[in-house]
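Student: Here it is, the structure in full.
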Amino acid sequence: MADLFPNIQMEDFWIATYETFYMTILALVGTCIFGILLGLMLYLTSKDGIWQNKYINFIVASLVNIFRAIPFIILILLLFPFTDFLVGTIRGPNAALPALIIGSAPFYGRLVEIALREVEKGVVEAAKAMGAKTSTIIFKVLLPESMPALVSGLTVTAIALIGYTAMAGVIGAGGLGNYAYYFGFQRRDFDVVFLCTVVIVLIVFLFQFVGDYITRKLDKR
């Protein structure tokens, strides 16, 4: 390793790898929670939805579209005051989490909405006819029936998040992006940049493999 990558400090490199996993996994949990909430709101308040309300639907859809349209690197900068208030700092892995979640949740929310729309309306209508409450329809019908698509969408979101962590690293969030930029690119040590790129690609493949495996297990078709 020392011969192939002479400028790599292994201790710092492993810390950076850990930080990338840390940011990705925690942000993915937050994205999953808020994304499902946004997707449910979009689905339930849409035309012919259980909570049909065009005003709420318009507001939620507008917020989703606005945050999806803002480039992630700009979103981080816009959220600096909020991040500083929430976390107490604008540097490090924890400081990246608010931007990662706010940047990814609207994207996943749209994927959740699409997944819910794929659930057969007959199943939902049957649950309504039997007098099922809205909460029962959500947790016993909509979410279970759409679970393969939800996991598949979460896999796509996780891969996007890995890219976001690399961008966040450029402005001091830590992780492999931070290590590649400050210890590789700025010092002209391109072996560092190359190794960080390879590891990020491997992490992407790992998340894709796990996500595809879970999706196949859940898909009963």
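Identifiers in this document derive from the order of the structure tokens: chains are assigned A, B, ..., residues are numbered from 1 separately in each chain, and ligands are numbered from 1 in order of occurrence.
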What's the 6 Å shell around stretch 178-195 of chain A, counting only C-alpha atoms, without same-chain residues fewer than 5 positions away, as a list in words?
Tutor: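 Non-adjacent residues within range: Phe5, Ile8, Gly169 and Val170 of chain A.
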Student: Excluding same-chain residues fewer than 3 positions from A:Met23, what lies within 8 Å of it counting only C-alpha atoms, as a VMD selection string?
Tutor: chain A and resid 19 to 20 26 to 27 93 to 94 96 to 97 165
Student: Any chance you can output those residues with N, CA and C atoms as a PDB file, in the first residue's frame?
Tutor:
ATOM      1  N   GLU A  19     -16.031   8.405   8.591  1.00  0.00           N
ATOM      2  CA  GLU A  19     -16.887   9.596   8.562  1.00  0.00           C
ATOM      3  C   GLU A  19     -17.860   9.554   7.384  1.00  0.00           C
ATOM      4  N   THR A  20     -17.407   9.038   6.239  1.00  0.00           N
ATOM      5  CA  THR A  20     -18.300   8.915   5.083  1.00  0.00           C
ATOM      6  C   THR A  20     -19.442   7.959   5.386  1.00  0.00           C
ATOM      7  N   LEU A  26     -26.459   7.875   8.875  1.00  0.00           N
ATOM      8  CA  LEU A  26     -27.342   8.720   9.696  1.00  0.00           C
ATOM      9  C   LEU A  26     -28.239   9.591   8.827  1.00  0.00           C
ATOM     10  N   ALA A  27     -27.676  10.145   7.763  1.00  0.00           N
ATOM     11  CA  ALA A  27     -28.482  10.965   6.849  1.00  0.00           C
ATOM     12  C   ALA A  27     -29.538  10.113   6.157  1.00  0.00           C
ATOM     13  N   PRO A  93     -18.586  16.065  10.440  1.00  0.00           N
ATOM     14  CA  PRO A  93     -19.663  15.195   9.939  1.00  0.00           C
ATOM     15  C   PRO A  93     -21.046  15.554  10.469  1.00  0.00           C
ATOM     16  N   ASN A  94     -21.146  15.897  11.761  1.00  0.00           N
ATOM     17  CA  ASN A  94     -22.461  16.226  12.329  1.00  0.00           C
ATOM     18  C   ASN A  94     -23.045  17.483  11.690  1.00  0.00           C
ATOM     19  N   ALA A  96     -22.758  18.350   8.688  1.00  0.00           N
ATOM     20  CA  ALA A  96     -23.231  18.048   7.328  1.00  0.00           C
ATOM     21  C   ALA A  96     -24.614  17.404   7.337  1.00  0.00           C
ATOM     22  N   LEU A  97     -25.016  16.812   8.446  1.00  0.00           N
ATOM     23  CA  LEU A  97     -26.254  16.031   8.484  1.00  0.00           C
ATOM     24  C   LEU A  97     -27.514  16.825   8.136  1.00  0.00           C
ATOM     25  N   THR A 165     -22.020  13.582   0.344  1.00  0.00           N
ATOM     26  CA  THR A 165     -21.017  13.636   1.418  1.00  0.00           C
ATOM     27  C   THR A 165     -19.661  14.056   0.861  1.00  0.00           C
TER      28      THR A 165
END
Student: Find, counting only C-alpha atoms, the residue in A:Ile171, A:Pro144, A:Ile36, A:Lys133 that gets nearest to A:Ile76.
Tutor: A:Ile171
Student: Between atom CA of A:Val156 and atom CA of A:Ile90, what is the spacing in Å?
Tutor: 26.9 Å
Student: Please provide as a PyMOL selection string all residues within 12 Å of A:Ser135, with the sequence filter that same-chain residues fewer than 5 positions apart are discarded (counting only C-alpha atoms).
Tutor: chain A and resi 40+44+50-51+127-128+140-143
Student: Selection from above, C-alpha atoms, as an mmCIF file, in the first residue's frame, can you write it?
Tutor:
data_model
loop_
_atom_site.group_PDB
_atom_site.id
_atom_site.type_symbol
_atom_site.label_atom_id
_atom_site.label_comp_id
_atom_site.auth_asym_id
_atom_site.auth_seq_id
_atom_site.Cartn_x
_atom_site.Cartn_y
_atom_site.Cartn_z
ATOM 1 C CA LEU A 40 -47.418 10.189 2.234
ATOM 2 C CA LEU A 44 -52.829 11.336 0.622
ATOM 3 C CA ILE A 50 -57.810 9.918 1.437
ATOM 4 C CA TRP A 51 -57.028 13.452 2.698
ATOM 5 C CA ALA A 127 -59.560 -1.719 3.044
ATOM 6 C CA LYS A 128 -61.813 1.362 3.060
ATOM 7 C CA LYS A 140 -51.112 -2.276 6.844
ATOM 8 C CA VAL A 141 -51.747 -1.641 3.143
ATOM 9 C CA LEU A 142 -49.845 1.226 1.508
ATOM 10 C CA LEU A 143 -46.400 0.862 3.093
#
Student: Write out as a PDB file with N, CA, C and O atoms, in the first residue's frame the residues lying within 8 Å of stretch 196-207 of chain A, counting only C-alpha atoms and excluding same-chain residues fewer than 4 positions away.
Tutor:
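What landed in part.pdb:
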ATOM      1  N   THR A 155     -32.346   2.998  -1.970  1.00  0.00           N
ATOM      2  CA  THR A 155     -31.024   2.637  -2.486  1.00  0.00           C
ATOM      3  C   THR A 155     -30.497   3.716  -3.419  1.00  0.00           C
ATOM      4  O   THR A 155     -29.338   4.133  -3.326  1.00  0.00           O
ATOM      5  N   ALA A 158     -29.533   6.635  -1.334  1.00  0.00           N
ATOM      6  CA  ALA A 158     -28.284   6.399  -0.601  1.00  0.00           C
ATOM      7  C   ALA A 158     -27.073   6.682  -1.490  1.00  0.00           C
ATOM      8  O   ALA A 158     -26.090   7.282  -1.042  1.00  0.00           O
ATOM      9  N   ILE A 159     -27.151   6.276  -2.740  1.00  0.00           N
ATOM     10  CA  ILE A 159     -26.044   6.506  -3.669  1.00  0.00           C
ATOM     11  C   ILE A 159     -25.870   8.011  -3.927  1.00  0.00           C
ATOM     12  O   ILE A 159     -24.746   8.518  -4.001  1.00  0.00           O
ATOM     13  N   ILE A 162     -24.108   9.514  -0.926  1.00  0.00           N
ATOM     14  CA  ILE A 162     -22.661   9.298  -0.902  1.00  0.00           C
ATOM     15  C   ILE A 162     -21.961  10.390  -1.704  1.00  0.00           C
ATOM     16  O   ILE A 162     -20.928  10.932  -1.292  1.00  0.00           O
ATOM     17  N   LEU A 176     -14.364  11.160   2.990  1.00  0.00           N
ATOM     18  CA  LEU A 176     -13.412  10.930   1.906  1.00  0.00           C
ATOM     19  C   LEU A 176     -13.315  12.116   0.953  1.00  0.00           C
ATOM     20  O   LEU A 176     -12.261  12.363   0.374  1.00  0.00           O
ATOM     21  N   GLY A 177     -14.418  12.840   0.767  1.00  0.00           N
ATOM     22  CA  GLY A 177     -14.369  14.029  -0.075  1.00  0.00           C
ATOM     23  C   GLY A 177     -13.434  15.077   0.498  1.00  0.00           C
ATOM     24  O   GLY A 177     -12.645  15.697  -0.223  1.00  0.00           O
ATOM     25  N   TYR A 179     -10.947  14.483   2.601  1.00  0.00           N
ATOM     26  CA  TYR A 179      -9.573  13.952   2.554  1.00  0.00           C
ATOM     27  C   TYR A 179      -8.997  14.064   1.152  1.00  0.00           C
ATOM     28  O   TYR A 179      -7.841  14.463   0.964  1.00  0.00           O
ATOM     29  N   ALA A 180      -9.812  13.748   0.137  1.00  0.00           N
ATOM     30  CA  ALA A 180      -9.344  13.813  -1.251  1.00  0.00           C
ATOM     31  C   ALA A 180      -9.014  15.242  -1.656  1.00  0.00           C
ATOM     32  O   ALA A 180      -8.023  15.480  -2.359  1.00  0.00           O
ATOM     33  N   VAL A 192      -3.732  10.089  -3.572  1.00  0.00           N
ATOM     34  CA  VAL A 192      -4.750  10.222  -2.521  1.00  0.00           C
ATOM     35  C   VAL A 192      -6.132  10.385  -3.153  1.00  0.00           C
ATOM     36  O   VAL A 192      -7.097   9.727  -2.755  1.00  0.00           O
ATOM     37  N   GLY A 211     -29.035  -2.970  -1.207  1.00  0.00           N
ATOM     38  CA  GLY A 211     -30.376  -2.505  -1.556  1.00  0.00           C
ATOM     39  C   GLY A 211     -31.071  -3.435  -2.533  1.00  0.00           C
ATOM     40  O   GLY A 211     -32.260  -3.759  -2.366  1.00  0.00           O
TER      41      GLY A 211
END
Student: Extract, using only C-alpha atoms, all DNA, RNA and protein residues at most 12 Å from A:Thr89, discarding same-chain residues fewer than 4 positions from it, and format them as a ChimeraX atom specification.
Tutor: /A:79-85,93-98,172-173
Student: Please report, as a PyMOL selection string, each residue of chain A to which DSSP assigns helix (DSSP H, G or I) when run on this structure's backbone.
Tutor: chain A and resi 10-44+54-69+72-78+80-87+93-117+121-129+134-145+147-170+175-185+190-218
Student: Could you check the closest approach to A:Val112 for each of A:Thr136, A:Thr24, A:Asn53, A:Thr31 and tell me which residue wins, using only C-alpha atoms?
Tutor: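 Checking each of A:Thr136, A:Thr24, A:Asn53, A:Thr31 against A:Val112, counting only C-alpha atoms, the winner is A:Thr31.
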Student: Identify which of the residues A:Leu42, A:Leu4, A:Ile138, A:Ile70 lies closest to A:Val124, counting only C-alpha atoms when measuring atom-to-atom distances.
Tutor: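 For A:Val124, the nearest of the given residues is A:Ile138.
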Student: Name the closest residue to A:Arg91 among the candidates A:Leu77, A:Ala129, A:Ala115, A:Leu28; distances are taken between atoms, counting only C-alpha atoms.
Tutor: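 Using only C-alpha atoms, the shortest distance to A:Arg91 belongs to A:Leu77.
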Student: Pick out the closest residue to A:Lys47 from this set: A:Arg117, A:Leu75, A:Val64, A:Asp12. Count only C-alpha atoms.
Tutor: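 Of A:Arg117, A:Leu75, A:Val64, A:Asp12, the one nearest A:Lys47 is A:Arg117, counting only C-alpha atoms.
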Student: Extract, using only C-alpha atoms, all DNA, RNA and protein residues at most 12 Å from A:Pro71, discarding same-chain residues fewer than 2 positions from it, and format them as a PyMOL selection string.
Tutor: chain A and resi 65-69+73-78+99-100+102-104+164+167-168
Student: Rounded to one decimal, what separation in Å do you get between atom CA of A:Leu63 and atom CA of A:Gly175?
Tutor: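 We find that atom CA of A:Leu63 and atom CA of A:Gly175 lie 29.1 Å from each other.
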